[in-house]
Structure formats: C-alpha cells, structure tokens
Amino acid sequence: MEKPIFSQEPRQDNDSAGHESLISGWSIEVMPRTAAKIDDFRTLLPAGTRIYLAHIDGTPLDDMVATAKRLHAEGFPVMPHIPARSITSRDALEDLLNRYRSDADVHQALLLAGGIAKPNGRLSSSIEMIETGLFDRMGFTNLHIAGHPEGNKDIDKDGSTTEVDKALLWKCDFASRTDAKVAITTQFAFDATCIIDWAERIEGLGVTLPIHVGIAGPAKLQTLIKYAISCGVGPSLKVLQKRALDLRKLLMPYEPTDIVGQLVAYKAKNPNSIISKLHMFPLGGIAPASGWIGQYSN
C-alpha cells in the first residue's frame, strides 16, 4: 500500500472555527475497483465517514451494489452516484434504488445527469429523476446534487450559467418540499477564490443549500492534470500548470494544503457561508487521501 508523504503547514489559531466547521464530517469518494484494493476501510477512515460510491459507465450494477453492501457492513454510510443518462427507464431506476435499499441499506444518493452524451433512455437529468418521486417514496434521507464552481459547458454551451442556475434554483425549491436533506457536492477544483466567488454568487441568487466542496487528494502533478482535463476542470487548472513550471514543485506530490487553508480561513471569517464541508477525491490513492486529511484534522 502506498505510503503517504505530507508537509502540512501549521494552522493559525484564529482559523480554528473555520477548520472545525469544514473538516468535521468530511467525505470521500471511491469506485468499486479502488475499494477492492482496501482490505478494511475501518483501518483508514473515522467511523461514520460518508463514502460516495462513484458510478463509472460500464461498471456492472452487481459490483456497485456489492461494494455498497460491503461498505455498509463495515459501518459507513454510502452515497452512490445515480447518473440519469446511464439509466434506461423509470423502471430501471426503481429497480436500482430497490437493490441499494434492500441489499445495502442505502438511503443517500448523489443525483447526476451523467457524463455520457446520449442518454440510454428517457431520463437525462437529475431533475427528471427527482420528478419520478421514487427517492421520497423509498425514504431517501439525504440527496446531494452536483455543483459547478467553474461552470458546465455541457449544460450552458454558450459559456454562461443560465441553465445551471435555473436548475439549481429548481432544486432549492424541491428541497423545501422534501423530507430529505439536500446539499450540493462540487467537482474538484484547485482555486479557492473560484469556489468562494461561485458560492457567494449563487447565495446571492437565493441558494441556501449547504455546499460540500470537492478537493483533490495528494497525487503526482501529472496525475492531477490528466484528471483535471478529462473532468473538464476550467480556470483553476492554471494553478496546476503554474506549479508544473516550478521544477522544485514538479517533483513533489501535490497536497491540497493551500486550497483547504484558504477555505478554512474564509469560513472562519464568514461562518454563515453556505460553504459547509469538504469532499475528498482520492485521485492519488485512498490511503494517501485519508492520511492527509486525518493529519490535517489534528
């Protein structure tokens, strides 16, 4: 198992409130194939850590459900990705949710449109899945939706935020009508200013949902740049490109210390901000990611 390497800077005392607020209740994302490499998640994660189960198109449903069942048995709440465009029909969605509920006691979900261009069926958005009423009827207690601090050109092809904002406000209205707790989980980014500006902008629109900010865990710089390009990370990619020009940093593993420190400081000064929690994408491995945030939590 890869041994994590860390170089954490000490926290400032006046940021302690922001640190406690953001770091407490952090979550992490895994896939069935990466989860299979971990013998027991209880050796890596604090009890009760929420684990998002990422859906990669083509992954067998049996593998997804089996992984959720295993993580639940180890004592972790599981939040699987539910990608609308990968689901062939309303009946297929109902079958999927039934399996998660009955086999793995799942009652949380991250609702996504999904990354494939052409839907496999009639469902093409998280709104359409919500409108089926299945999540409420089956007693899902936590529903998270995707947030896009750097925009989403798949939705707003003109580079604006018109359609993304409209969908977000619709989901805020839904949050007032459902018994489930609704929150926003974002794609990972590398620029704290970009995240903060976006959070303040949508809050100005009337969004009150808590934001779980996606951050990338420790990894080689080349690995992060590859993932950032494939996942459509926008302006904050420049942070990585600038780092790549510094030969001293090029050879060192990336750690999210700077971005987390800036978010913690912002939260300390703005305790009522809807920026709420951190969500870890372990792009360089689950063990290094959990080790880094475990050290940062102390």
# chains A, B, ... in the order shown; residues from 1 in each chain; ligands from 1
>>> residues_around(residues="segment 27-30 of chain A", least_positions_apart="4", cutoff="6 Å", atoms="only C-alpha atoms", output="list in words")
Thr49, Arg50, Ile51, Tyr52, Leu53, Ala54, His279, Met280 and Phe281 of chain A
>>> residues_around(residues="segment 95-100 of chain A", least_positions_apart="4", cutoff="10 Å", atoms="only C-alpha atoms", output="list of chain:residue names")
A:Leu61, A:Asp62, A:Met64, A:Val65, A:Ala66, A:Ala68, A:Lys69, A:Val78, A:Met79, A:Pro80, A:Ile82, A:Ile87, A:Ser89, A:Arg90, A:Asp91, A:Ala104, A:Asp105, A:Val106, A:His107, A:Gln108, A:Ala109, A:Leu134, A:Phe135, A:Met138, A:Phe140
>>> atom_distance(atom1="atom CA of Arg70 of chain A", atom2="atom CA of Ala287 of chain A")
17.9 Å
>>> closest_residue(among="A:Ile145, A:Ile116, A:Ile196, A:Ala216", to="Met129 of chain A", atoms="only C-alpha atoms")
A:Ile145
>>> closest_residue(among="A:Pro288, A:Tyr296, A:Gly25, A:Leu263", to="Leu44 of chain A", atoms="only C-alpha atoms")
A:Pro288
>>> select_by_dssp(residues="segment 72-160 of chain A", states="helix (DSSP H, G or I)", output="VMD selection string")
chain A and resid 72 to 73 84 to 86 90 to 104 126 to 131 134 to 137
>>> select_by_dssp(residues="segment 62-192 of chain A", states="strand (DSSP E)", output="list in words")
Val78, Met79, Pro80, His81, Ile82, Pro83, Gln108, Ala109, Leu110, Leu111, Leu112, Asn142, Leu143, His144, Ile145, Ala146, Gly147, Lys181, Val182, Ala183, Ile184, Thr185, Thr186, Gln187 and Phe188 of chain A
>>> write_last_selection(atoms="N, CA, C and O atoms", output="tab-separated table (two decimals), in the first residue's frame")
chain	number	residue	atom	x	y	z
A	78	VAL	N	-23.23	5.05	2.89
A	78	VAL	CA	-22.83	5.04	1.49
A	78	VAL	C	-23.76	5.93	0.68
A	78	VAL	O	-24.98	5.85	0.81
A	79	MET	N	-23.16	6.76	-0.18
A	79	MET	CA	-23.92	7.65	-1.06
A	79	MET	C	-23.53	7.34	-2.50
A	79	MET	O	-22.57	7.90	-3.04
A	80	PRO	N	-24.25	6.43	-3.17
A	80	PRO	CA	-23.89	6.11	-4.56
A	80	PRO	C	-24.28	7.21	-5.53
A	80	PRO	O	-25.26	7.93	-5.33
A	81	HIS	N	-23.47	7.34	-6.58
A	81	HIS	CA	-23.85	8.22	-7.69
A	81	HIS	C	-25.03	7.57	-8.43
A	81	HIS	O	-24.99	6.38	-8.72
A	82	ILE	N	-26.02	8.37	-8.78
A	82	ILE	CA	-27.13	7.90	-9.62
A	82	ILE	C	-27.15	8.77	-10.88
A	82	ILE	O	-27.68	9.88	-10.89
A	83	PRO	N	-26.54	8.30	-11.98
A	83	PRO	CA	-26.45	9.10	-13.20
A	83	PRO	C	-27.63	8.86	-14.14
A	83	PRO	O	-27.83	7.76	-14.67
A	108	GLN	N	-29.02	7.27	0.89
A	108	GLN	CA	-28.44	8.53	0.44
A	108	GLN	C	-28.06	8.38	-1.03
A	108	GLN	O	-27.74	7.28	-1.48
A	109	ALA	N	-28.06	9.48	-1.78
A	109	ALA	CA	-27.69	9.40	-3.19
A	109	ALA	C	-27.20	10.74	-3.69
A	109	ALA	O	-27.69	11.80	-3.25
A	110	LEU	N	-26.22	10.69	-4.60
A	110	LEU	CA	-25.79	11.87	-5.33
A	110	LEU	C	-26.42	11.79	-6.72
A	110	LEU	O	-26.14	10.86	-7.48
A	111	LEU	N	-27.26	12.75	-7.04
A	111	LEU	CA	-28.02	12.74	-8.29
A	111	LEU	C	-27.28	13.54	-9.36
A	111	LEU	O	-26.95	14.71	-9.16
A	112	LEU	N	-27.01	12.87	-10.49
A	112	LEU	CA	-26.24	13.48	-11.57
A	112	LEU	C	-26.94	13.28	-12.91
A	112	LEU	O	-27.66	12.30	-13.09
A	142	ASN	N	-30.99	11.63	2.46
A	142	ASN	CA	-30.02	12.63	2.01
A	142	ASN	C	-29.88	12.56	0.49
A	142	ASN	O	-29.55	11.49	-0.05
A	143	LEU	N	-30.11	13.67	-0.16
A	143	LEU	CA	-29.97	13.75	-1.61
A	143	LEU	C	-29.03	14.90	-1.92
A	143	LEU	O	-29.28	16.06	-1.54
A	144	HIS	N	-27.93	14.59	-2.59
A	144	HIS	CA	-26.99	15.63	-2.99
A	144	HIS	C	-27.08	15.83	-4.49
A	144	HIS	O	-27.38	14.90	-5.24
A	145	ILE	N	-26.82	17.05	-4.92
A	145	ILE	CA	-26.85	17.41	-6.33
A	145	ILE	C	-25.49	17.98	-6.71
A	145	ILE	O	-24.71	18.39	-5.85
A	146	ALA	N	-25.20	18.00	-8.00
A	146	ALA	CA	-23.89	18.43	-8.46
A	146	ALA	C	-23.79	19.96	-8.49
A	146	ALA	O	-24.74	20.65	-8.87
A	147	GLY	N	-22.61	20.46	-8.09
A	147	GLY	CA	-22.32	21.89	-8.20
A	147	GLY	C	-21.14	22.11	-9.12
A	147	GLY	O	-20.24	21.28	-9.20
A	181	LYS	N	-32.69	15.68	3.33
A	181	LYS	CA	-31.76	16.79	3.42
A	181	LYS	C	-31.03	16.91	2.09
A	181	LYS	O	-30.44	15.95	1.61
A	182	VAL	N	-31.08	18.09	1.50
A	182	VAL	CA	-30.50	18.31	0.18
A	182	VAL	C	-29.26	19.19	0.33
A	182	VAL	O	-29.27	20.18	1.07
A	183	ALA	N	-28.20	18.83	-0.38
A	183	ALA	CA	-26.96	19.61	-0.35
A	183	ALA	C	-26.32	19.57	-1.73
A	183	ALA	O	-26.72	18.78	-2.61
A	184	ILE	N	-25.34	20.42	-1.93
A	184	ILE	CA	-24.60	20.50	-3.20
A	184	ILE	C	-23.21	19.91	-2.99
A	184	ILE	O	-22.53	20.25	-2.03
A	185	THR	N	-22.81	19.01	-3.89
A	185	THR	CA	-21.44	18.49	-3.88
A	185	THR	C	-20.78	18.92	-5.18
A	185	THR	O	-21.32	18.70	-6.26
A	186	THR	N	-19.60	19.53	-5.08
A	186	THR	CA	-18.97	20.08	-6.27
A	186	THR	C	-17.92	19.16	-6.87
A	186	THR	O	-17.36	18.30	-6.20
A	187	GLN	N	-17.64	19.41	-8.15
A	187	GLN	CA	-16.47	18.83	-8.80
A	187	GLN	C	-15.22	19.38	-8.10
A	187	GLN	O	-15.28	20.45	-7.49
A	188	PHE	N	-14.12	18.64	-8.16
A	188	PHE	CA	-12.90	19.15	-7.54
A	188	PHE	C	-12.37	20.34	-8.33
A	188	PHE	O	-12.55	20.46	-9.54
>>> closest_residue(among="A:Ser24, A:Thr162, A:Ser297, A:Thr67", to="Gly48 of chain A", atoms="only C-alpha atoms")
A:Ser24
>>> atom_distance(atom1="atom CA of Asp197 of chain A", atom2="atom CA of Glu150 of chain A")
10.0 Å
>>> closest_residue(among="A:Ile127, A:Ala192, A:Ala113, A:Leu22", to="Gln262 of chain A", atoms="only C-alpha atoms")
A:Ala192
>>> residues_around(residues="Gly217 of chain A", least_positions_apart="3", cutoff="6 Å", atoms="only C-alpha atoms", output="number ranges by chain")
A: 281-283, 289
>>> residues_around(residues="Glu203 of chain A", least_positions_apart="3", cutoff="12 Å", atoms="only C-alpha atoms", output="JSON, numbers by chain")
{"A": [165, 168, 169, 172, 196, 197, 198, 199, 200, 206, 207, 208, 209, 210, 211, 272, 273, 274, 275]}
>>> write_last_selection(atoms="C-alpha atoms", output="short mmCIF file (atom, residue, chain, number, x, y, z; two decimals), in the first residue's frame")
data_model
loop_
_atom_site.label_atom_id
_atom_site.label_comp_id
_atom_site.auth_asym_id
_atom_site.auth_seq_id
_atom_site.Cartn_x
_atom_site.Cartn_y
_atom_site.Cartn_z
CA ASP A 165 -28.58 28.49 -12.30
CA LEU A 168 -30.11 24.90 -9.15
CA LEU A 169 -32.98 27.17 -8.13
CA CYS A 172 -33.69 24.58 -4.00
CA ILE A 196 -15.68 31.25 -2.95
CA ASP A 197 -16.81 33.61 -5.71
CA TRP A 198 -19.20 30.98 -7.06
CA ALA A 199 -20.63 30.24 -3.60
CA GLU A 200 -21.23 33.93 -2.96
CA GLY A 206 -31.20 32.78 -3.24
CA VAL A 207 -29.49 29.40 -2.92
CA THR A 208 -29.38 28.26 0.71
CA LEU A 209 -28.25 24.66 0.26
CA PRO A 210 -25.00 23.71 2.03
CA ILE A 211 -22.01 23.18 -0.27
CA ASN A 272 -22.74 31.78 7.84
CA SER A 273 -21.41 30.95 4.38
CA ILE A 274 -23.14 28.04 2.65
CA ILE A 275 -19.68 26.51 2.11
#
>>> atom_distance(atom1="atom CA of Phe41 of chain A", atom2="atom CA of Gly285 of chain A")
13.0 Å
>>> closest_residue(among="A:Ile38, A:Leu45, A:Ser86, A:Ala189", to="Gly58 of chain A", atoms="only C-alpha atoms")
A:Ser86
>>> residues_around(residues="Pro253 of chain A", least_positions_apart="3", cutoff="7 Å", atoms="only C-alpha atoms", output="list in words")
Pro218, Ala219, Lys220 and Leu221 of chain A
